[in-house]
Every structure is written in structure tokens, then in C-alpha cells.
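Visitor: File follows, start_27.txt with compact mmCIF, C-alpha atoms:
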```
# COMPACT_ATOMS: atom_id res chain seq x y z
CA MET A 1 126.82 86.68 140.91
CA ILE A 2 126.02 84.60 137.86
CA TYR A 3 122.37 85.68 137.47
CA LEU A 4 123.28 89.34 137.32
CA GLU A 5 126.12 88.62 134.89
CA LEU A 6 123.79 86.65 132.63
CA PHE A 7 121.19 89.39 132.82
CA LEU A 8 123.61 92.17 131.92
CA GLY A 9 125.36 90.15 129.22
CA PHE A 10 122.19 89.26 127.39
CA LEU A 11 120.68 92.69 127.95
CA ARG A 12 123.63 93.96 125.92
CA VAL A 13 122.85 91.47 123.16
CA GLY A 14 119.18 92.50 123.18
CA CYS A 15 120.02 96.21 123.00
CA PHE A 16 122.61 96.15 120.25
CA ALA A 17 121.66 93.28 117.95
CA PHE A 18 120.38 95.07 114.87
CA GLY A 19 119.25 93.42 111.67
CA GLY A 20 118.37 89.89 112.66
CA ALA A 21 120.06 86.89 114.15
CA TYR A 22 123.00 86.51 111.80
CA SER A 23 124.33 89.95 112.45
CA ALA A 24 123.82 89.25 116.17
CA ILE A 25 126.11 86.23 116.20
CA PRO A 26 129.36 88.23 116.38
CA LEU A 27 127.92 90.20 119.31
CA ILE A 28 126.74 87.04 121.06
CA ARG A 29 130.15 85.47 120.47
CA ASP A 30 131.82 88.50 122.01
CA VAL A 31 129.63 88.42 125.14
CA VAL A 32 129.60 84.63 125.61
CA ILE A 33 133.29 83.97 124.92
CA SER A 34 134.65 86.96 126.82
CA ALA A 35 132.62 85.99 129.90
CA GLY A 36 133.95 82.44 129.54
CA TRP A 37 130.44 80.95 129.47
CA LEU A 38 131.05 78.69 126.49
CA THR A 39 134.09 77.53 124.55
CA GLU A 40 134.39 78.41 120.87
CA ASP A 41 133.49 74.81 119.90
CA ALA A 42 130.46 74.65 122.18
CA LEU A 43 129.23 77.94 120.76
CA THR A 44 129.56 76.70 117.17
CA ASP A 45 127.59 73.54 118.03
CA MET A 46 125.00 75.65 119.77
CA ILE A 47 124.58 77.94 116.77
CA ALA A 48 123.88 74.84 114.65
CA VAL A 49 121.28 73.65 117.16
CA SER A 50 119.70 77.13 117.33
CA GLU A 51 119.40 77.25 113.58
CA SER A 52 117.69 73.88 113.48
CA THR A 53 115.24 74.33 116.33
CA PRO A 54 112.26 76.64 116.05
CA GLY A 55 112.29 80.15 117.39
CA PRO A 56 114.56 83.17 117.23
CA ILE A 57 118.25 82.24 117.35
CA MET A 58 119.01 84.89 119.97
CA ILE A 59 116.38 83.45 122.32
CA ASN A 60 117.66 79.92 121.75
CA LEU A 61 121.22 80.94 122.56
CA ALA A 62 120.20 82.87 125.67
CA THR A 63 118.10 79.98 126.98
CA TYR A 64 120.91 77.51 126.31
CA VAL A 65 123.74 79.52 127.86
CA GLY A 66 121.58 80.41 130.88
CA SER A 67 120.62 76.79 131.42
CA VAL A 68 124.18 75.46 131.09
CA LYS A 69 125.56 78.09 133.46
CA ALA A 70 122.83 78.40 136.08
CA GLY A 71 119.97 75.95 135.52
CA PHE A 72 116.33 76.86 135.02
CA LEU A 73 116.48 80.23 136.74
CA GLY A 74 119.58 81.14 134.75
CA SER A 75 117.87 80.34 131.45
CA ALA A 76 114.78 82.32 132.46
CA VAL A 77 116.91 85.34 133.43
CA ALA A 78 118.98 85.24 130.23
CA THR A 79 115.90 84.85 128.02
CA PHE A 80 114.09 87.68 129.76
CA ALA A 81 117.14 89.94 129.36
CA VAL A 82 117.43 89.32 125.61
CA VAL A 83 113.70 89.91 124.99
CA PHE A 84 113.18 92.91 127.26
CA PRO A 85 114.92 95.66 125.21
CA SER A 86 113.04 94.95 121.96
CA PHE A 87 109.77 94.68 123.85
CA VAL A 88 110.24 98.12 125.42
CA ILE A 89 111.62 99.69 122.24
CA ILE A 90 108.67 98.53 120.13
CA LEU A 91 106.18 99.86 122.68
CA LEU A 92 107.97 103.21 122.69
CA VAL A 93 108.10 103.26 118.88
CA MET A 94 104.38 102.55 118.70
CA VAL A 95 103.48 105.32 121.11
CA ILE A 96 105.77 107.83 119.42
CA PHE A 97 105.04 106.54 115.92
CA ARG A 98 101.39 107.47 116.05
CA ARG A 99 102.32 111.09 116.57
CA VAL A 100 105.25 111.21 114.18
CA MET A 101 103.66 109.21 111.40
CA ASN A 102 101.94 112.16 109.74
CA ASN A 103 105.17 114.03 109.40
CA PRO A 104 105.95 114.00 105.63
CA TYR A 105 109.70 113.62 106.22
CA VAL A 106 109.25 110.52 108.39
CA GLU A 107 106.85 109.23 105.76
CA ALA A 108 109.53 109.79 103.07
CA VAL A 109 112.10 107.84 105.09
CA ILE A 110 109.72 104.92 105.55
CA GLU A 111 108.74 104.97 101.87
CA GLY A 112 112.43 104.56 101.08
CA LEU A 113 113.04 101.88 103.68
CA ILE A 114 110.19 99.57 102.65
CA PRO A 115 111.58 98.65 99.19
CA CYS A 116 115.10 98.46 100.65
CA VAL A 117 114.05 95.95 103.32
CA ILE A 118 112.12 93.90 100.75
CA GLY A 119 115.23 93.87 98.54
CA ILE A 120 117.36 92.68 101.48
CA ILE A 121 114.89 89.95 102.43
CA SER A 122 114.56 88.63 98.87
CA ALA A 123 118.37 88.59 98.56
CA VAL A 124 118.68 86.55 101.76
CA GLY A 125 116.01 84.11 100.55
CA GLY A 126 117.62 83.83 97.12
CA TYR A 127 121.06 83.31 98.62
CA MET A 128 119.82 80.60 100.98
CA MET A 129 118.25 78.70 98.08
CA LEU A 130 121.45 79.01 96.02
CA ARG A 131 123.62 77.91 98.94
CA CYS A 132 121.54 74.77 99.43
CA CYS A 133 121.59 73.78 95.76
CA PHE A 134 125.13 74.65 94.67
CA ALA A 135 128.49 74.15 96.27
CA THR A 136 129.49 77.69 97.10
CA GLY A 137 133.09 78.50 96.32
CA SER A 138 134.93 78.35 93.06
CA ASP A 139 133.20 75.66 91.00
CA TRP A 140 129.47 76.02 91.83
CA ALA A 141 128.84 72.30 91.34
CA PRO A 142 125.09 71.70 91.50
CA ASP A 143 123.64 69.32 94.09
CA PHE A 144 120.90 67.76 91.97
CA LYS A 145 118.93 66.21 94.81
CA ALA A 146 118.72 69.53 96.69
CA LEU A 147 117.98 71.36 93.46
CA PHE A 148 115.12 68.99 92.64
CA LEU A 149 113.64 69.19 96.15
CA THR A 150 113.94 73.00 96.25
CA VAL A 151 112.20 73.36 92.88
CA PHE A 152 109.48 71.03 94.14
CA LEU A 153 109.03 73.03 97.38
CA ALA A 154 109.00 76.30 95.44
CA PHE A 155 106.36 74.85 93.16
CA LEU A 156 104.24 73.88 96.18
CA MET A 157 104.58 77.37 97.64
CA PHE A 158 104.08 79.45 94.51
CA GLY A 159 102.10 77.11 92.27
CA SER A 160 99.66 75.47 94.64
CA LYS A 161 97.08 78.22 94.34
CA PRO A 162 96.57 78.20 90.56
CA VAL A 163 96.95 74.40 90.26
CA PHE A 164 95.13 73.00 93.30
CA ARG A 165 93.05 76.09 94.14
CA ARG A 166 94.34 75.85 97.66
CA LYS A 167 97.09 77.94 99.12
CA MET A 168 99.96 76.16 100.81
CA SER A 169 100.54 77.57 104.27
CA PRO A 170 104.16 78.17 105.38
CA ILE A 171 103.68 75.78 108.33
CA MET A 172 102.50 73.06 105.95
CA LEU A 173 105.55 73.67 103.77
CA ILE A 174 107.88 73.20 106.78
CA LEU A 175 106.17 69.89 107.64
CA VAL A 176 106.38 68.67 104.02
CA SER A 177 110.05 69.64 103.81
CA ALA A 178 110.86 67.76 107.05
CA VAL A 179 109.21 64.61 105.67
CA LEU A 180 111.06 65.03 102.36
CA GLY A 181 114.30 65.40 104.32
CA ILE A 182 113.71 62.15 106.21
CA VAL A 183 112.78 60.30 102.99
CA PHE A 184 115.57 61.59 100.75
CA TYR A 185 118.56 62.07 103.09
CA MET B 1 85.72 88.86 125.86
CA LYS B 2 88.96 90.64 126.54
CA SER B 3 90.60 87.64 128.14
CA SER B 4 89.62 85.43 125.21
CA LYS B 5 91.43 87.89 122.92
CA LEU B 6 94.53 87.60 125.08
CA PHE B 7 94.30 83.82 125.00
CA GLU B 8 93.93 83.86 121.22
CA LEU B 9 97.01 86.09 120.89
CA PHE B 10 98.99 83.78 123.17
CA ILE B 11 98.01 80.59 121.32
CA THR B 12 98.53 82.14 117.88
CA PHE B 13 102.02 83.36 118.68
CA THR B 14 102.93 80.08 120.38
CA LYS B 15 102.08 78.37 117.11
CA ILE B 16 104.14 80.90 115.15
CA GLY B 17 107.06 80.39 117.55
CA LEU B 18 106.84 76.64 117.22
CA PHE B 19 107.09 76.64 113.44
CA THR B 20 109.68 79.31 112.86
CA PHE B 21 112.88 77.71 111.72
CA GLY B 22 115.77 79.65 110.31
CA GLY B 23 115.40 83.02 111.98
CA GLY B 24 113.27 86.11 111.68
CA TYR B 25 112.93 86.46 107.92
CA ALA B 26 111.36 83.02 107.63
CA MET B 27 109.00 84.03 110.40
CA LEU B 28 107.73 86.96 108.36
CA ALA B 29 106.10 84.51 105.91
CA ILE B 30 104.25 82.78 108.75
CA ILE B 31 103.20 86.03 110.45
CA GLU B 32 101.96 87.37 107.09
CA ASN B 33 99.95 84.21 106.48
CA ILE B 34 98.33 84.11 109.91
CA CYS B 35 98.04 87.71 111.11
CA VAL B 36 97.34 89.44 107.78
CA GLU B 37 95.59 86.89 105.57
CA ARG B 38 93.68 84.70 107.99
CA LYS B 39 92.97 86.75 111.09
CA ARG B 40 93.20 90.19 109.45
CA TRP B 41 94.71 91.67 112.57
CA ILE B 42 96.81 94.08 110.54
CA THR B 43 96.69 95.27 106.91
CA PRO B 44 99.35 94.40 104.29
CA ASP B 45 100.49 98.01 104.39
CA GLU B 46 100.95 97.84 108.14
CA MET B 47 102.85 94.59 107.71
CA ALA B 48 105.31 96.35 105.38
CA ARG B 49 105.77 99.13 107.93
CA LEU B 50 106.14 96.63 110.74
CA THR B 51 108.89 94.89 108.77
CA VAL B 52 110.73 98.19 108.47
CA VAL B 53 110.35 98.93 112.18
CA ALA B 54 111.49 95.40 113.10
CA GLU B 55 114.52 95.73 110.85
CA SER B 56 115.56 99.11 112.17
CA THR B 57 115.19 98.38 115.87
CA PRO B 58 117.43 95.99 117.80
CA GLY B 59 116.36 92.56 118.95
CA PRO B 60 114.86 89.49 117.32
CA ILE B 61 112.41 90.33 114.51
CA ALA B 62 109.97 87.81 115.96
CA ILE B 63 109.78 89.64 119.29
CA ASN B 64 109.34 92.98 117.56
CA CYS B 65 106.44 91.63 115.50
CA ALA B 66 104.74 89.91 118.43
CA THR B 67 104.98 92.99 120.64
CA TYR B 68 103.66 95.23 117.87
CA ILE B 69 100.71 93.07 116.83
CA GLY B 70 99.83 92.22 120.44
CA TYR B 71 99.72 95.89 121.32
CA ARG B 72 97.60 96.74 118.28
CA ILE B 73 95.04 94.06 119.15
CA ALA B 74 94.81 94.30 122.92
CA GLY B 75 97.06 97.03 124.31
CA LEU B 76 99.86 96.45 126.80
CA ALA B 77 98.45 93.15 128.07
CA GLY B 78 98.16 91.99 124.47
CA SER B 79 101.81 92.74 123.77
CA VAL B 80 102.86 90.82 126.90
CA PHE B 81 100.81 87.75 125.98
CA ALA B 82 101.91 87.72 122.33
CA THR B 83 105.57 88.08 123.32
CA LEU B 84 105.31 85.34 125.96
CA GLY B 85 103.62 83.13 123.39
CA ILE B 86 106.36 83.50 120.82
CA VAL B 87 109.18 82.93 123.34
CA LEU B 88 107.70 79.92 125.09
CA PRO B 89 108.21 77.16 122.46
CA SER B 90 111.89 77.91 121.89
CA PHE B 91 112.46 78.31 125.62
CA ILE B 92 110.96 74.90 126.41
CA ILE B 93 112.65 73.14 123.48
CA ILE B 94 116.10 74.57 124.07
CA PHE B 95 115.88 74.12 127.81
CA SER B 96 115.00 70.44 127.32
CA ILE B 97 117.79 69.97 124.79
CA SER B 98 120.31 71.59 127.10
CA ARG B 99 119.27 69.33 129.98
CA PHE B 100 118.58 66.00 128.35
CA LEU B 101 120.23 65.77 124.95
CA ASP B 102 123.97 65.92 124.49
CA ASN B 103 124.08 65.29 120.80
CA PHE B 104 120.75 66.42 119.46
CA LEU B 105 121.98 66.90 115.90
CA GLU B 106 123.55 63.44 115.78
CA ILE B 107 120.14 61.74 115.87
CA GLU B 108 119.79 60.58 112.28
CA ALA B 109 116.10 61.33 111.69
CA VAL B 110 116.51 64.80 113.22
CA ALA B 111 119.52 65.59 111.05
CA SER B 112 117.83 64.54 107.81
CA ALA B 113 114.57 66.30 108.66
CA PHE B 114 116.58 69.49 109.14
CA LYS B 115 118.29 69.03 105.80
CA GLY B 116 114.82 69.11 104.27
CA ILE B 117 113.66 72.06 106.37
CA ARG B 118 116.76 74.02 105.39
CA LEU B 119 115.63 73.80 101.75
CA ALA B 120 112.20 75.18 102.63
CA ILE B 121 113.56 78.17 104.58
CA GLY B 122 114.99 79.91 101.51
CA VAL B 123 111.74 79.34 99.61
CA LEU B 124 109.69 80.73 102.52
CA ILE B 125 111.83 83.84 102.92
CA PHE B 126 111.70 84.50 99.20
CA GLU B 127 107.93 84.07 99.20
CA ALA B 128 107.51 86.58 102.05
CA ALA B 129 109.50 89.11 100.02
CA VAL B 130 107.54 88.46 96.81
CA LYS B 131 104.28 88.91 98.65
CA MET B 132 105.36 92.27 100.03
CA MET B 133 106.68 93.32 96.62
CA ARG B 134 103.23 92.88 95.11
CA LYS B 135 101.70 95.24 97.62
CA ILE B 136 104.02 98.23 97.70
CA LYS B 137 103.62 101.46 95.78
CA ARG B 138 105.45 100.94 92.51
CA ASN B 139 107.31 103.91 91.07
CA ALA B 140 110.75 104.57 89.62
CA VAL B 141 112.26 105.33 93.03
CA SER B 142 110.90 102.33 94.92
CA VAL B 143 111.73 99.88 92.11
CA THR B 144 115.28 101.24 91.86
CA ILE B 145 115.82 101.02 95.61
CA LEU B 146 114.41 97.50 95.68
CA ALA B 147 116.52 96.22 92.80
CA THR B 148 119.70 97.88 94.06
CA SER B 149 119.24 96.53 97.60
CA PHE B 150 118.60 93.06 96.22
CA LEU B 151 121.68 93.04 93.99
CA VAL B 152 124.04 94.58 96.56
CA MET B 153 122.88 92.27 99.33
CA LEU B 154 123.06 89.16 97.12
CA ALA B 155 126.54 90.09 95.97
CA ALA B 156 127.58 90.73 99.59
CA ASP B 157 126.36 87.23 100.55
CA LEU B 158 127.86 85.48 97.52
CA PHE B 159 131.28 87.08 97.79
CA ALA B 160 131.28 87.14 101.59
CA TRP B 161 131.78 90.89 101.83
CA ASN B 162 131.84 92.13 105.36
CA PHE B 163 128.84 94.38 104.95
CA SER B 164 125.82 95.03 107.12
CA SER B 165 122.28 95.48 105.87
CA VAL B 166 122.01 98.44 108.26
CA SER B 167 124.28 100.56 106.05
CA LEU B 168 122.14 99.73 103.04
CA MET B 169 119.05 100.89 104.95
CA LEU B 170 120.76 104.14 105.95
CA VAL B 171 121.56 104.87 102.30
CA ALA B 172 117.99 104.10 101.19
CA ALA B 173 116.50 106.31 103.90
CA PHE B 174 118.88 109.13 103.02
CA VAL B 175 118.22 108.93 99.26
CA SER B 176 114.47 108.85 99.78
CA LEU B 177 114.58 111.82 102.14
CA LEU B 178 116.77 113.77 99.72
CA LEU B 179 114.45 113.13 96.75
CA PHE B 180 111.47 114.14 98.85
CA SER B 181 113.10 117.43 99.87
CA PHE B 182 113.99 118.23 96.27
CA LYS B 183 110.49 117.46 95.11
CA LYS B 184 109.06 119.61 97.84
CA ARG B 185 111.33 122.51 97.06
CA SER B 186 110.73 122.37 93.30
CA SER B 187 106.97 122.26 93.77
CA GLY B 188 107.30 125.60 95.50
CA GLY B 189 106.09 124.63 98.96
CA ALA B 190 108.50 126.01 101.53
CA GLY B 191 106.40 124.35 104.24
CA GLN B 192 108.80 123.63 107.04
CA GLN B 193 107.45 121.49 109.82
```
Just give me the structure of the file as C-alpha cells.
Guide:
Amino acid sequence: MIYLELFLGFLRVGCFAFGGAYSAIPLIRDVVISAGWLTEDALTDMIAVSESTPGPIMINLATYVGSVKAGFLGSAVATFAVVFPSFVIILLVMVIFRRVMNNPYVEAVIEGLIPCVIGIISAVGGYMMLRCCFATGSDWAPDFKALFLTVFLAFLMFGSKPVFRRKMSPIMLILVSAVLGIVFY
Amino acid sequence: MKSSKLFELFITFTKIGLFTFGGGYAMLAIIENICVERKRWITPDEMARLTVVAESTPGPIAINCATYIGYRIAGLAGSVFATLGIVLPSFIIIFSISRFLDNFLEIEAVASAFKGIRLAIGVLIFEAAVKMMRKIKRNAVSVTILATSFLVMLAADLFAWNFSSVSLMLVAAFVSLLLFSFKKRSSGGAGQQ
């Protein structure tokens, strides 16, 4: 029964996908390809679409695969299955956390994890900016148009407060960047 | 009163879901902006902790954040409404694309808009990190962990090492725990919990 298969497949993705969407892609590939739900090519296309539409990539993939395989109900089942584990886990963490939080050892672990996670996030952001502006690979040829636009966007984000006395919101930045994309590409 | 809170959570997270391109890290910037700075639902310190919890539990970061903040604001019902809110936009958009559009990315305006958005994602993610950096406790240990994680992760991305951020987090947690135990022992307190 396809609904049950979808549910179990995406439940597995929801339970074991640690560390964000990109580390989840191998797991999703494993589930989706081994069940024969999508071909390798269709999955690659779908990952591109997921990256370019709003929302978490895992949700996008679950909705898409569910819809292609079993219509509206299928997409609802797959989406529910991928969301459910993190929903339950966070609730459990919050209930347990309150009690455990005052433990100095737990506190020490969290104090160590916070700078580590910030380091990871800034590295991902830095890498994404570099990848857009330079040809990755051996020669690192700069793409001047992308470089110029990225510097401009970074200026809007970081410099708008001191210069215009108004902070740029992230949503505004996304809208500006979409317009810039349409104008310059 | 209570139901208006639930409605506000739902609408807020629908908006966050609608504007999150490029995965969970980019979403952190938007959640920070709306839930910490504007609505003051959680403190910056809680946001840092929430990021850690979201990173160390499975599932999309966005869902983790929505569930957490929803629960903090309005209990179980709050977490359900916030989570529904954040899922709904991508569900509707992807469902429509899967039904009606065969070659979504071949539409020229869409493709070039996304080229622009892709440039903004890196900036947004970096900004979220910088903002958190300003607010953490700064000491030799935290700065060292931060710098090391940054360099290792950047190198892993640049040279395409097959390396997961989870292992980096395990090392950081272990080092921090070890230093804490040493400090505790040397200060004389045997205090076992």
C-alpha cells in the first residue's frame, strides 16, 4: 500500500536526518531511489526545484514525491511523516530540558556547542558566497557580476543601519535580490 | 485572547515559511529578525540555545524552531499552529508545481530571479552567524572553538571532504565538557551530581 510505504519512508528521513537539508540529501536519495519512487534524474531536478522554492528542502521533497506517487493524500501523508519526528523530539527536549538545564555538565556541553554551531553556520554562509562569486575548482576565476551584486547585497544587509538608519530585513533582502536577478541575468 | 495568539503564531510562521529560500540556516536570519528582534518572543540567548538544539536533533531546522517557539508562546496548541504555519507555504507551492508545472526552472524570469536570490542566501546565513557571534560569552575557549569550527568546516566545503558537521559538534561538546571537569576538579569542588 503506497500510503503506508510513503509514510514509513519519510518517517525514516525525518528521524535520521541530522544537521540540515544538505546532509539529508543522501538519506533521501537512499529512500526515494531504493523504493523506486523517482529516477536519479528526476531526483536531481527536484533537488534544484526544492532549493529554489521557499521552505525546508526535506518538506519540499516529501510533498513532491508524495504528490507524484499518490496525489494530494500521498503528499499530505509524506509531509506529515517527515515533520512528525522533529515535532515530537523538540517537545520531548523542551519538557526534559527544563529539568536538565541546571545541571552544570549539560550547561558545559551547551556552552561548547554554541560557538561550534556558530562557526559551522558562518562557514556555510562564507562558502556559499565564495561559490557564487568564484568558479570553484582549480583556477578560481572570479565572476565579476556576481561579485559586484554580492558585495552590494552584503552592503545592504550590514551597512544599511549606520548609513540609512534603517535596518534591512532578511525578507526585504530576498525581494531585492530577486529583482536584481531578473534585471542582471 | 488565547486564540488570537495562536492565529498570530500561525500567520507569523507562514510568512517565515514563505520567505525561506536555501534551507534552514538562511531561515535562522529570518526567525532571529522576527521572533527575537521584533516580537521579542524569545531572548537572543534562547535563540543561541535553540540553534544548538535544532542542530543536534534530527529533522528540518525550520520545524524544530517553529515547534520550540510555538510551545514557548502558547503550549502544545502553539507548537501545532506554528509548525502547520511553517509547513503550509512549501506544501502548497510544491504541490502546485508537481501538478501544474513540468519545467518550473525553465521559465526565464524564475530562473534569473533565483540566480539573484542565490547570492542573497550566503549573505543572509553569514549575517545570522555574525549576529549570534556578537551575543555569546566571549572567552578563550569559546573563541577557539568558534574559529576552529569555522576553519575546519570551510576547508571541508572548499576541498569537498566527506565530513559531517555532527562530528565537529561531538568534538566541541567533548572538549568543553573535559575543560569543565578539569576546572571543577582543580577548584577543589568534588561535587558530583
Visitor: I want to know what sits within 7 Å of stretch 112-126 of chain B, based on all atoms listed in the file, with residues of the same chain fewer than 4 positions away left out; could you give that as number ranges by chain?
Guide: A: 52, 121-122, 125-126, 128-129, 132, 150, 153-154, 170, 173-174, 177-182, 185; B: 22, 25-26, 29, 108, 130
Visitor: Please determine, counting all atoms listed in the file, which residue among B:Thr12, B:Val175, B:Val87, B:Asn33 has the shortest atom-to-atom distance to B:Thr144.
Guide: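 Among the listed residues, the smallest separation from B:Thr144 belongs to B:Val175.
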Visitor: Kindly give the distance, in Å, that separates atom CA of B:Ser142 and atom CA of A:Pro115, rounded to a single decimal.
Guide: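 These atoms are spaced 5.7 Å apart.
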Visitor: Considering only C-alpha atoms, can you say which of A:Ile110, A:Leu4, A:Val31, A:Lys161 comes closest to B:Asp45?
Guide: A:Ile110
Visitor: List as a list of chain:residue names the protein and nucleic acid residues near A:Ser86, meaning an atom at most 10 Å away when all atoms listed in the file are counted, but skip any in the same chain fewer than 3 places from it.
Guide: A:Leu11, A:Gly14, A:Cys15, A:Phe16, A:Ala17, A:Ala81, A:Val82, A:Val83, A:Ile89, A:Ile90, A:Leu91, A:Leu92, B:Ala54, B:Thr57, B:Pro58, B:Gly59, B:Pro60, B:Ile61, B:Ala62, B:Ile63, B:Asn64, B:Cys65, B:Thr67
